[in-house]
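> Below is input.cif; it holds mmCIF, C-alpha atoms.
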```cif
data_upload
#
loop_
_atom_site.label_atom_id
_atom_site.label_comp_id
_atom_site.auth_asym_id
_atom_site.auth_seq_id
_atom_site.Cartn_x
_atom_site.Cartn_y
_atom_site.Cartn_z
CA TRP A 1 28.60 -16.50 -24.19
CA ILE A 2 26.06 -13.87 -25.33
CA ASN A 3 24.31 -14.18 -28.67
CA THR A 4 23.97 -10.50 -29.59
CA SER A 5 21.98 -11.43 -32.70
CA VAL A 6 18.98 -12.28 -30.52
CA PRO A 7 16.39 -9.59 -31.43
CA ILE A 8 15.50 -8.76 -27.83
CA LEU A 9 19.17 -8.13 -26.99
CA GLN A 10 19.68 -6.02 -30.11
CA LEU A 11 17.34 -3.49 -28.52
CA PHE A 12 19.83 -3.14 -25.68
CA PHE A 13 23.09 -3.23 -27.62
CA ASN A 14 21.85 -1.04 -30.50
CA GLU A 15 20.48 1.71 -28.23
CA GLY A 16 16.87 0.82 -29.04
CA ASP A 17 13.77 1.81 -27.08
CA LEU A 18 13.60 -0.51 -24.06
CA LYS A 19 10.29 0.72 -22.69
CA PRO A 20 7.86 -1.52 -24.64
CA ALA A 21 9.65 -4.79 -23.85
CA PHE A 22 11.08 -4.06 -20.41
CA ARG A 23 8.75 -1.35 -19.01
CA LEU A 24 11.78 0.77 -18.05
CA ASN A 25 13.58 3.30 -20.19
CA ARG A 26 17.34 3.19 -20.62
CA ALA A 27 18.10 5.85 -18.00
CA THR A 28 16.05 3.99 -15.38
CA LEU A 29 17.79 0.73 -16.27
CA VAL A 30 21.17 2.38 -15.70
CA LEU A 31 19.96 3.69 -12.33
CA LEU A 32 18.71 0.22 -11.38
CA LEU A 33 22.04 -1.38 -12.27
CA GLN A 34 23.85 1.15 -10.10
CA MET A 35 21.61 0.30 -7.14
CA LEU A 36 21.94 -3.47 -7.36
CA PRO A 37 24.94 -5.04 -5.61
CA LEU A 38 27.72 -6.35 -7.83
CA GLN A 39 28.50 -9.83 -6.56
CA LYS A 40 29.18 -11.70 -9.81
CA VAL A 41 32.66 -12.84 -10.75
CA HIS A 42 31.62 -15.19 -13.54
CA GLY A 43 28.58 -16.22 -15.54
CA TRP A 44 26.14 -13.98 -17.35
CA PRO A 45 26.74 -10.20 -17.13
CA GLN A 46 24.54 -8.42 -14.63
CA GLU A 47 22.94 -6.31 -17.37
CA ILE A 48 21.74 -9.43 -19.16
CA GLU A 49 20.37 -11.00 -15.99
CA VAL A 50 18.43 -7.83 -15.17
CA LEU A 51 17.07 -7.65 -18.73
CA VAL A 52 15.92 -11.27 -18.54
CA THR A 53 14.10 -10.62 -15.26
CA LEU A 54 12.52 -7.38 -16.45
CA TYR A 55 11.29 -9.09 -19.62
CA TRP A 56 9.85 -11.96 -17.57
CA LEU A 57 8.04 -9.45 -15.35
CA ALA A 58 6.93 -7.10 -18.12
CA CYS A 59 5.60 -9.63 -20.60
CA GLY A 60 4.22 -12.25 -18.26
CA ALA A 61 6.11 -14.90 -20.17
CA SER A 62 6.84 -18.32 -18.74
CA TYR A 63 10.38 -19.35 -17.92
CA ARG A 64 10.37 -21.49 -21.03
CA ALA A 65 9.19 -18.68 -23.32
CA THR A 66 11.72 -16.27 -21.81
CA ALA A 67 14.48 -18.84 -22.34
CA ASP A 68 13.52 -19.13 -26.02
CA ILE A 69 13.45 -15.34 -26.47
CA PHE A 70 16.94 -14.86 -24.99
CA GLY A 71 18.46 -18.07 -26.30
CA MET A 72 19.24 -19.32 -22.79
CA PRO A 73 18.76 -22.69 -21.09
CA LEU A 74 15.49 -22.96 -19.18
CA SER A 75 17.22 -23.72 -15.87
CA THR A 76 19.45 -20.66 -16.29
CA VAL A 77 16.47 -18.34 -16.73
CA CYS A 78 14.85 -19.72 -13.61
CA ARG A 79 18.01 -19.17 -11.56
CA VAL A 80 18.54 -15.70 -13.03
CA VAL A 81 15.01 -14.53 -12.20
CA HIS A 82 15.27 -15.77 -8.62
CA ARG A 83 18.71 -14.20 -8.21
CA VAL A 84 17.66 -10.76 -9.49
CA VAL A 85 14.39 -10.75 -7.54
CA ASN A 86 16.34 -11.59 -4.38
CA SER A 87 18.76 -8.75 -5.19
CA LEU A 88 15.80 -6.37 -5.49
CA MET A 89 14.58 -7.61 -2.12
CA GLY A 90 17.97 -6.72 -0.70
CA ILE A 91 17.70 -3.04 -1.68
CA ILE A 92 14.12 -2.57 -0.45
CA PRO A 93 15.21 -0.74 2.74
CA LYS A 94 16.88 1.88 0.53
CA ILE A 95 13.89 2.24 -1.80
CA ILE A 96 10.76 1.65 0.30
CA PHE A 97 11.00 3.33 3.70
CA LEU A 98 9.03 5.50 6.11
CA PRO A 99 9.85 9.21 6.23
CA LYS A 100 12.04 10.58 8.98
CA PRO A 101 10.43 12.87 11.60
CA GLN A 102 11.95 15.95 9.97
CA ASP A 103 10.34 14.98 6.65
CA LEU A 104 6.77 14.64 7.95
CA GLU A 105 5.99 18.30 7.37
CA VAL A 106 6.87 17.98 3.69
CA VAL A 107 4.75 14.82 3.34
CA GLY A 108 1.80 16.48 5.09
CA ALA A 109 2.11 19.57 2.92
CA GLY A 110 1.82 17.33 -0.12
CA PHE A 111 -1.47 15.84 1.07
CA ALA A 112 -2.80 19.28 2.04
CA ARG A 113 -2.05 20.41 -1.50
CA LEU A 114 -3.82 17.37 -2.96
CA ALA A 115 -6.85 17.84 -0.71
CA GLY A 116 -6.96 21.55 -1.37
CA ILE A 117 -7.28 22.40 2.33
CA GLU A 118 -4.85 22.84 5.22
CA ALA A 119 -6.81 20.51 7.53
CA PHE A 120 -5.17 17.56 5.77
CA ARG A 121 -1.65 18.71 6.62
CA ALA A 122 -1.62 16.05 9.36
CA ALA A 123 -2.10 13.29 6.74
CA VAL A 124 1.23 11.58 6.19
CA GLY A 125 0.26 8.61 4.04
CA ALA A 126 -2.51 6.94 2.06
CA ASN A 127 -3.34 3.25 2.46
CA ASP A 128 -4.86 0.80 -0.01
CA GLY A 129 -4.64 -2.81 -1.10
CA CYS A 130 -5.37 -5.23 -3.91
CA HIS A 131 -5.51 -8.94 -4.67
CA VAL A 132 -2.89 -10.72 -6.78
CA ARG A 133 -3.81 -14.03 -8.43
CA ILE A 134 -1.43 -16.86 -7.62
CA VAL A 135 -1.06 -20.61 -8.01
CA PRO A 136 -2.25 -21.85 -4.61
CA PRO A 137 -0.73 -24.74 -2.68
CA ALA A 138 -2.55 -28.06 -2.57
CA GLU A 139 -5.43 -28.80 -0.23
CA PRO A 140 -6.15 -28.22 2.56
CA GLN A 141 -4.19 -24.92 2.39
CA LYS A 142 -5.74 -24.04 -0.97
CA ARG A 143 -9.11 -23.04 0.48
CA CYS A 144 -7.43 -20.35 2.61
CA TYR A 145 -6.27 -18.60 -0.57
CA MET A 146 -9.75 -18.38 -2.12
CA ASN A 147 -11.18 -14.86 -2.03
CA ARG A 148 -14.80 -13.77 -2.19
CA LYS A 149 -14.65 -13.89 -6.01
CA LEU A 150 -13.63 -17.54 -5.74
CA PHE A 151 -10.13 -17.34 -7.21
CA PRO A 152 -6.88 -17.88 -5.27
CA SER A 153 -4.91 -14.76 -4.40
CA ILE A 154 -2.75 -13.03 -1.85
CA ILE A 155 -3.09 -9.43 -0.68
CA LEU A 156 -0.75 -6.55 -1.41
CA GLN A 157 -1.24 -3.68 1.01
CA GLY A 158 0.69 -0.45 0.61
CA VAL A 159 1.07 3.03 2.06
CA CYS A 160 2.26 5.80 -0.24
CA ASP A 161 3.17 9.46 0.11
CA ALA A 162 1.71 12.43 -1.74
CA ARG A 163 3.83 11.66 -4.82
CA GLY A 164 2.62 8.07 -5.11
CA LYS A 165 5.85 6.59 -3.76
CA PHE A 166 5.43 3.48 -1.64
CA MET A 167 6.62 4.04 1.94
CA ASP A 168 5.55 0.63 3.21
CA VAL A 169 4.29 -2.60 1.66
CA TYR A 170 2.90 -5.70 3.36
CA ILE A 171 2.47 -8.71 1.09
CA GLY A 172 1.43 -12.32 1.40
CA ASN A 173 -1.71 -12.58 3.53
CA VAL A 174 -4.16 -15.10 2.14
CA SER A 175 -7.16 -13.49 0.48
CA SER A 176 -9.72 -15.13 2.75
CA VAL A 177 -8.63 -12.60 5.39
CA HIS A 178 -10.48 -9.26 5.36
CA GLU A 179 -8.29 -6.33 4.34
CA ALA A 180 -9.01 -4.52 7.61
CA LEU A 181 -7.58 -7.50 9.47
CA VAL A 182 -4.59 -7.55 7.14
CA LEU A 183 -3.80 -4.02 8.25
CA ARG A 184 -4.07 -5.05 11.88
CA ARG A 185 -1.60 -7.87 11.24
CA SER A 186 0.94 -5.67 9.48
CA PRO A 187 4.11 -4.68 11.36
CA LEU A 188 3.24 -1.05 10.61
CA TYR A 189 0.10 -1.34 12.74
CA LYS A 190 1.09 -3.98 15.29
CA ASN A 191 4.35 -2.26 16.20
CA ALA A 192 2.87 1.26 15.99
CA LEU A 193 5.66 2.21 13.60
CA TYR A 194 3.69 4.84 11.70
CA PRO A 195 2.15 7.39 11.75
CA PRO A 196 3.52 9.27 14.76
CA GLU A 197 1.25 10.84 17.36
CA GLY A 198 -0.70 13.75 15.93
CA PHE A 199 -0.70 12.42 12.36
CA PHE A 200 -2.94 10.01 10.46
CA LEU A 201 -3.24 7.93 7.31
CA LEU A 202 -5.88 8.22 4.61
CA GLY A 203 -7.67 4.94 4.07
CA ASP A 204 -10.82 3.32 2.78
CA GLY A 205 -12.89 0.51 4.25
CA GLY A 206 -12.44 -0.39 7.91
CA ILE A 207 -11.89 2.41 10.37
CA LEU A 208 -8.82 1.95 12.54
CA PRO A 209 -7.10 4.28 14.98
CA LYS A 210 -4.96 6.80 13.11
CA LEU A 211 -6.59 5.71 9.84
CA LYS A 212 -8.90 8.11 7.99
CA VAL A 213 -11.78 6.96 5.79
CA ASN A 214 -14.73 8.49 3.99
CA PHE A 215 -18.04 8.98 5.72
CA ILE A 216 -19.97 6.00 4.43
CA PHE A 217 -23.56 6.84 5.23
CA GLY A 218 -23.35 10.59 5.86
CA THR A 219 -25.53 12.93 3.82
CA SER A 220 -25.00 16.29 5.51
CA GLN A 221 -23.11 19.11 3.83
CA VAL A 222 -20.35 18.81 6.42
CA GLU A 223 -19.84 15.13 5.63
CA ALA A 224 -20.11 15.65 1.88
CA ARG A 225 -17.50 18.43 2.00
CA TYR A 226 -15.18 16.20 4.01
CA ASN A 227 -15.66 13.35 1.52
CA ARG A 228 -14.70 15.57 -1.41
CA HIS A 229 -11.44 16.72 0.16
CA HIS A 230 -10.66 13.21 1.42
CA ALA A 231 -11.17 11.75 -2.06
CA LYS A 232 -8.86 14.34 -3.62
CA ALA A 233 -6.09 13.55 -1.16
CA ARG A 234 -6.47 9.79 -1.17
CA ASN A 235 -6.69 9.50 -4.95
CA ILE A 236 -2.89 9.42 -5.07
CA VAL A 237 -2.69 5.90 -3.63
CA GLU A 238 -5.23 4.68 -6.17
CA ARG A 239 -3.10 6.21 -8.89
CA ALA A 240 0.00 4.57 -7.42
CA PHE A 241 -1.68 1.17 -7.55
CA GLY A 242 -2.99 2.03 -11.00
CA SER A 243 0.52 2.81 -12.23
CA LEU A 244 1.82 -0.40 -10.66
CA LYS A 245 -0.91 -2.43 -12.33
CA THR A 246 -0.49 -0.72 -15.70
CA THR A 247 3.26 -1.33 -15.71
CA TRP A 248 3.18 -5.00 -14.68
CA TRP A 249 -0.32 -5.98 -15.78
CA ARG A 250 0.79 -8.82 -18.03
CA SER A 251 2.62 -10.74 -15.31
CA ILE A 252 1.18 -9.74 -11.95
CA PHE A 253 -2.17 -8.02 -11.78
CA PHE A 254 -4.35 -9.26 -14.62
CA LYS A 255 -3.22 -12.84 -15.00
CA LEU A 256 -2.10 -15.71 -12.83
CA LEU A 257 1.32 -15.26 -11.22
CA GLU A 258 2.70 -18.70 -12.03
CA VAL A 259 5.34 -19.14 -9.35
CA ARG A 260 5.42 -20.93 -6.02
CA PRO A 261 3.31 -19.27 -3.30
CA THR A 262 6.46 -18.69 -1.25
CA PHE A 263 8.12 -16.81 -4.13
CA ALA A 264 5.07 -14.77 -5.17
CA PRO A 265 5.38 -12.12 -2.40
CA LYS A 266 9.00 -11.51 -3.43
CA VAL A 267 7.99 -10.94 -7.06
CA ILE A 268 5.29 -8.47 -6.00
CA ALA A 269 7.72 -6.66 -3.69
CA ALA A 270 10.21 -6.44 -6.56
CA CYS A 271 7.57 -4.73 -8.70
CA CYS A 272 6.85 -2.23 -5.89
CA THR A 273 10.57 -1.53 -5.65
CA LEU A 274 10.79 -0.95 -9.39
CA HIS A 275 7.77 1.37 -9.14
CA ASN A 276 9.63 3.62 -6.70
CA ILE A 277 12.80 3.57 -8.79
CA CYS A 278 10.81 4.57 -11.88
CA LEU A 279 9.12 7.35 -9.92
CA GLU A 280 12.46 8.77 -8.80
CA ALA A 281 13.73 8.61 -12.38
CA GLY A 282 10.62 10.28 -13.81
CA ASP A 283 9.85 7.12 -15.75
CA GLN A 284 6.21 6.59 -14.84
CA VAL A 285 3.29 5.16 -16.76
CA ASP A 286 0.45 7.65 -17.12
CA VAL A 287 -2.77 6.39 -15.59
CA GLU A 288 -5.55 8.09 -17.51
CA GLN A 289 -8.37 6.65 -15.47
CA GLU A 290 -8.63 6.54 -11.73
CA VAL A 291 -8.13 2.98 -10.58
CA ASN A 292 -9.95 1.64 -7.56
CA PRO A 293 -8.26 -1.63 -6.51
CA GLU A 294 -10.50 -4.46 -5.44
CA ALA A 295 -11.90 -3.95 -1.98
CA ASP A 296 -13.91 -6.19 0.25
CA GLY A 297 -16.57 -3.56 0.84
CA HIS A 298 -17.27 -1.34 3.79
CA PRO A 299 -17.52 -2.88 7.24
CA ALA A 300 -20.65 -2.89 9.31
CA ALA A 301 -21.14 0.08 11.58
CA GLU A 302 -20.39 -1.99 14.68
CA ASP A 303 -16.94 -2.81 13.29
CA ARG A 304 -15.84 0.80 13.41
CA GLU A 305 -13.53 1.93 16.16
CA MET A 306 -14.53 5.04 18.07
CA SER A 307 -11.08 6.60 18.05
CA GLY A 308 -11.02 6.69 14.26
CA SER A 309 -14.63 7.92 14.05
CA CYS A 310 -14.02 10.78 16.48
CA LEU A 311 -10.91 11.91 14.66
CA GLN A 312 -12.76 11.78 11.37
CA ALA A 313 -15.70 13.79 12.71
CA ARG A 314 -13.38 16.38 14.22
CA LEU A 315 -11.58 16.81 10.91
CA ALA A 316 -14.90 17.15 9.05
CA VAL A 317 -15.98 19.94 11.38
CA GLN A 318 -12.60 21.62 11.02
CA ILE A 319 -12.94 21.59 7.24
CA SER A 320 -16.40 23.18 7.35
CA CYS A 321 -15.51 25.85 9.90
CA PRO A 322 -14.02 29.10 8.56
CA ALA A 323 -10.41 29.77 9.44
CA GLU A 324 -11.40 33.07 11.04
CA LEU A 325 -14.71 34.17 12.51
CA PRO A 326 -16.56 36.97 10.73
CA GLU A 327 -16.01 40.29 12.47
CA ILE A 328 -19.65 40.54 13.57
CA LEU A 329 -19.34 37.20 15.42
CA SER A 330 -16.04 38.14 17.01
CA GLU A 331 -17.84 40.77 19.03
CA HIS A 332 -19.77 38.12 20.97
CA ASP A 333 -18.60 35.60 23.55
#
```
Could you render the structure from this file as C-alpha cells?


Amino acid sequence: WINTSVPILQLFFNEGDLKPAFRLNRATLVLLLQMLPLQKVHGWPQEIEVLVTLYWLACGASYRATADIFGMPLSTVCRVVHRVVNSLMGIIPKIIFLPKPQDLEVVGAGFARLAGIEAFRAAVGANDGCHVRIVPPAEPQKRCYMNRKLFPSIILQGVCDARGKFMDVYIGNVSSVHEALVLRRSPLYKNALYPPEGFFLLGDGGILPKLKVNFIFGTSQVEARYNRHHAKARNIVERAFGSLKTTWWRSIFFKLLEVRPTFAPKVIAACCTLHNICLEAGDQVDVEQEVNPEADGHPAAEDREMSGSCLQARLAVQISCPAELPEILSEHD
C-alpha cells in the first residue's frame, strides 16, 4: 500500500521537480528504471524502491529518518536500500567499462583536445582517488582504516575518459595504504588490463609504468610547458570526482557513511554508476571550482619507476619540439 499523500511522493506523482530531493531529474530516473532488472512480482513498486534509495543517498538520511519521510517500516527501508544498491551493482558492467580497441582513438582525441596538443593523443584515461569516511570495524582491524588525517576511511580510485565518465573504479582498500600501492593492487594494474601497449594514463602522485604524472621538481621551460598541458588534460578526472562529490556530498563524501564496512564499497560503486548514467543523460551537476581530491602527497624521488619517468621526459620533449623543422634547419644534417 502506497500513501500518495506523503509529501516526498507527491513530487513524483504530481510531476514535481525531483532534482533537489533525489539528485536526478525525471528523465534520468526513467532511464535508470529501464536499466535496472525487473524481478519483483509483489511488494513495493520498483519506482518507489528506487526513490527511497535515491533519497537515502542524496540526503544522507539515516534508515530511520528515511522511513519516517516515506511512511515505511524501518526494516523495509533497510531491505529496499540493500536490494536497489545490489541491483545497481549488477548493471555496473554495462555502465562502467573500459573502451574497446576500436574506441581508443576517440578517447585519445578527447584528451588531445583537452590538453591542447596532439602529443597527448596517446592518453586514454585519467586516474585519481579520494577517501570516503566510514564506520570502521572494531579493534584490532580499526587501526588499519585510520588515514594520515586520523579518521577512518576507505579509498575510491577511478579512471575516467575525456568526458569525465568512469571507465574503471576500485573501491575498498583501507586508507592506511598509500594510494600508489592501491593502484598496484587494483585488477587494472595487476592484470595489465589497461591501457594497451603504446598508450598511457594521466595520473598524479606516484609514477608507475604507463602512468603519466606532472614533473614535481622541474623548473625548466620544457618541464613547465609539459605541466601546463598535462594539467589541462588531467583536470577532467578532478572534475569527475568533483561532480561525484557535489551530487552525493550529504551521504558519501562530506560526512560519515553509516553502513557496515562490507556494504560501504557497494554504496560508493552505486554512486559511481549513477554518475555515469547522469552523464549519459546530460543530467550533470556543474562544478564551478576545480576539485582536487585528497592525496597522500608526492612520493620520494627514489620511489619513482624509471619506465614512467622516461616516458614522461620523452613526452615533454615532444611537446616542446616543433612539429616541423624550420626551413633553414632542414638544409643541414

> Provide the CA of Ile69 in chain A to CA of Thr28 in chain A distance in Å, to one decimal place.

22.4 Å

> Kindly give the distance, in Å, that separates CA of Pro7 in chain A and CA of Lys19 in chain A, rounded to a single decimal.

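CA of Lys19 in chain A lies 14.8 Å from CA of Pro7 in chain A.
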
> Nearest to Asn227 in chain A among A:Leu104, A:Ala264, A:Ala115, A:Leu18, with distances taken over all atoms listed in the file: which residue is it?

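Nearest to Asn227 in chain A: A:Ala115.
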
> Which of these, A:Asn276, A:Pro20, A:Arg113, A:Ile2, has the shortest distance to Met72 in chain A once you count all atoms listed in the file?

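Closest to Met72 in chain A of all the choices is A:Ile2.
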
> Per residue of range 74-131 of chain A within 7 Å of range 237-258 of chain A, what are the shortest atom pair and its distance in Å to one decimal, counting all atoms listed in the file, with rows by chain and residue number, as CSV?


```
residue,atom,partner,partner_atom,distance
A:Ala126,CA,A:Val237,CA,5.8
A:Asn127,CA,A:Val237,CA,6.7
A:Asp128,CA,A:Val237,CA,6.6
```

> Would you save the residues from that selection as a compact mmCIF listing (two decimals), in the coordinates of the input, using C-alpha atoms?


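Listed below is the output, selection04.txt:
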```
# COMPACT_ATOMS: atom_id res chain seq x y z
CA ALA A 126 -2.51 6.94 2.06
CA ASN A 127 -3.34 3.25 2.46
CA ASP A 128 -4.86 0.80 -0.01
```

> Give me, please, the distance in Å between CA of Val132 in chain A and CA of Met89 in chain A, quoted to one decimal.

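Result for CA of Val132 in chain A versus CA of Met89 in chain A: 18.3 Å, one decimal.
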
> Taking the block above, write range 134-242 of chain A with C-alpha atoms as an mmCIF file, in the first residue's frame.


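result04.cif was written with the following content:
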```cif
data_model
loop_
_atom_site.group_PDB
_atom_site.id
_atom_site.type_symbol
_atom_site.label_atom_id
_atom_site.label_comp_id
_atom_site.auth_asym_id
_atom_site.auth_seq_id
_atom_site.Cartn_x
_atom_site.Cartn_y
_atom_site.Cartn_z
ATOM 1 C CA ILE A 134 33.174 5.084 7.060
ATOM 2 C CA VAL A 135 32.246 3.435 10.338
ATOM 3 C CA PRO A 136 35.249 1.165 10.930
ATOM 4 C CA PRO A 137 35.105 -2.335 12.370
ATOM 5 C CA ALA A 138 36.176 -2.926 15.954
ATOM 6 C CA GLU A 139 39.783 -3.280 17.040
ATOM 7 C CA PRO A 140 42.225 -4.551 16.018
ATOM 8 C CA GLN A 141 41.015 -4.008 12.417
ATOM 9 C CA LYS A 142 40.016 -0.412 13.166
ATOM 10 C CA ARG A 143 43.578 0.920 13.152
ATOM 11 C CA CYS A 144 44.044 -0.260 9.548
ATOM 12 C CA TYR A 145 41.257 2.094 8.452
ATOM 13 C CA MET A 146 42.819 5.214 10.012
ATOM 14 C CA ASN A 147 44.318 7.558 7.421
ATOM 15 C CA ARG A 148 47.005 10.190 7.875
ATOM 16 C CA LYS A 149 44.338 12.693 8.997
ATOM 17 C CA LEU A 150 43.368 10.265 11.755
ATOM 18 C CA PHE A 151 39.832 9.424 10.666
ATOM 19 C CA PRO A 152 38.663 6.025 9.361
ATOM 20 C CA SER A 153 38.112 5.758 5.628
ATOM 21 C CA ILE A 154 38.395 3.581 2.563
ATOM 22 C CA ILE A 155 39.809 4.606 -0.807
ATOM 23 C CA LEU A 156 37.903 5.135 -4.029
ATOM 24 C CA GLN A 157 40.175 5.043 -7.058
ATOM 25 C CA GLY A 158 38.830 5.729 -10.529
ATOM 26 C CA VAL A 159 39.881 6.105 -14.149
ATOM 27 C CA CYS A 160 37.765 8.306 -16.392
ATOM 28 C CA ASP A 161 37.714 9.238 -20.069
ATOM 29 C CA ALA A 162 37.887 12.695 -21.612
ATOM 30 C CA ARG A 163 34.192 13.294 -20.877
ATOM 31 C CA GLY A 164 34.509 12.522 -17.175
ATOM 32 C CA LYS A 165 32.858 9.111 -17.470
ATOM 33 C CA PHE A 166 34.248 6.448 -15.156
ATOM 34 C CA MET A 167 35.808 3.572 -17.103
ATOM 35 C CA ASP A 168 37.079 1.713 -14.044
ATOM 36 C CA VAL A 169 36.642 2.010 -10.282
ATOM 37 C CA TYR A 170 38.464 0.193 -7.497
ATOM 38 C CA ILE A 171 36.952 0.612 -4.043
ATOM 39 C CA GLY A 172 37.544 -0.673 -0.546
ATOM 40 C CA ASN A 173 41.254 -0.522 0.268
ATOM 41 C CA VAL A 174 41.875 0.651 3.814
ATOM 42 C CA SER A 175 43.153 4.209 3.993
ATOM 43 C CA SER A 176 46.385 3.319 5.773
ATOM 44 C CA VAL A 177 47.601 2.041 2.389
ATOM 45 C CA HIS A 178 49.305 4.619 0.148
ATOM 46 C CA GLU A 179 47.319 5.447 -2.976
ATOM 47 C CA ALA A 180 50.220 4.420 -5.215
ATOM 48 C CA LEU A 181 50.083 0.967 -3.645
ATOM 49 C CA VAL A 182 46.317 0.886 -4.084
ATOM 50 C CA LEU A 183 46.848 1.299 -7.814
ATOM 51 C CA ARG A 184 49.354 -1.537 -7.817
ATOM 52 C CA ARG A 185 46.797 -3.757 -6.087
ATOM 53 C CA SER A 186 43.985 -2.953 -8.491
ATOM 54 C CA PRO A 187 42.995 -5.559 -11.098
ATOM 55 C CA LEU A 188 43.526 -2.895 -13.755
ATOM 56 C CA TYR A 189 47.237 -2.750 -12.906
ATOM 57 C CA LYS A 190 47.916 -6.278 -11.671
ATOM 58 C CA ASN A 191 46.303 -7.934 -14.674
ATOM 59 C CA ALA A 192 47.627 -5.349 -17.155
ATOM 60 C CA LEU A 193 44.076 -4.809 -18.384
ATOM 61 C CA TYR A 194 44.551 -1.194 -19.428
ATOM 62 C CA PRO A 195 45.993 0.796 -21.106
ATOM 63 C CA PRO A 196 47.182 -1.191 -24.128
ATOM 64 C CA GLU A 197 50.752 -1.005 -25.379
ATOM 65 C CA GLY A 198 51.553 2.406 -26.806
ATOM 66 C CA PHE A 199 49.040 4.269 -24.632
ATOM 67 C CA PHE A 200 49.181 5.726 -21.130
ATOM 68 C CA LEU A 201 47.085 7.121 -18.305
ATOM 69 C CA LEU A 202 47.268 10.591 -16.803
ATOM 70 C CA GLY A 203 47.889 10.458 -13.076
ATOM 71 C CA ASP A 204 49.182 12.364 -10.101
ATOM 72 C CA GLY A 205 51.386 11.208 -7.245
ATOM 73 C CA GLY A 206 53.392 8.014 -7.643
ATOM 74 C CA ILE A 207 54.922 7.285 -11.018
ATOM 75 C CA LEU A 208 54.050 3.865 -12.370
ATOM 76 C CA PRO A 209 54.650 2.288 -15.768
ATOM 77 C CA LYS A 210 52.086 3.539 -18.276
ATOM 78 C CA LEU A 211 51.008 6.218 -15.785
ATOM 79 C CA LYS A 212 51.735 9.883 -16.514
ATOM 80 C CA VAL A 213 52.282 12.485 -13.782
ATOM 81 C CA ASN A 214 53.432 16.072 -13.514
ATOM 82 C CA PHE A 215 57.075 16.949 -13.181
ATOM 83 C CA ILE A 216 57.328 17.553 -9.460
ATOM 84 C CA PHE A 217 60.604 19.378 -9.060
ATOM 85 C CA GLY A 218 61.263 20.545 -12.634
ATOM 86 C CA THR A 219 61.768 24.245 -13.296
ATOM 87 C CA SER A 220 62.862 24.314 -16.935
ATOM 88 C CA GLN A 221 60.651 25.725 -19.673
ATOM 89 C CA VAL A 222 60.300 22.257 -21.177
ATOM 90 C CA GLU A 223 59.002 20.835 -17.902
ATOM 91 C CA ALA A 224 56.758 23.817 -17.211
ATOM 92 C CA ARG A 225 55.214 23.550 -20.680
ATOM 93 C CA TYR A 226 54.591 19.847 -20.160
ATOM 94 C CA ASN A 227 52.987 20.534 -16.765
ATOM 95 C CA ARG A 228 50.568 23.045 -18.268
ATOM 96 C CA HIS A 229 49.330 20.668 -20.951
ATOM 97 C CA HIS A 230 49.212 17.750 -18.508
ATOM 98 C CA ALA A 231 47.121 19.771 -16.047
ATOM 99 C CA LYS A 232 44.653 20.758 -18.778
ATOM 100 C CA ALA A 233 44.156 17.148 -19.818
ATOM 101 C CA ARG A 234 44.029 15.645 -16.346
ATOM 102 C CA ASN A 235 41.644 18.247 -14.951
ATOM 103 C CA ILE A 236 38.750 16.179 -16.290
ATOM 104 C CA VAL A 237 39.186 13.458 -13.660
ATOM 105 C CA GLU A 238 39.244 16.073 -10.907
ATOM 106 C CA ARG A 239 36.024 17.477 -12.310
ATOM 107 C CA ALA A 240 34.534 13.979 -12.447
ATOM 108 C CA PHE A 241 35.328 13.441 -8.778
ATOM 109 C CA GLY A 242 34.091 16.955 -8.075
#
```
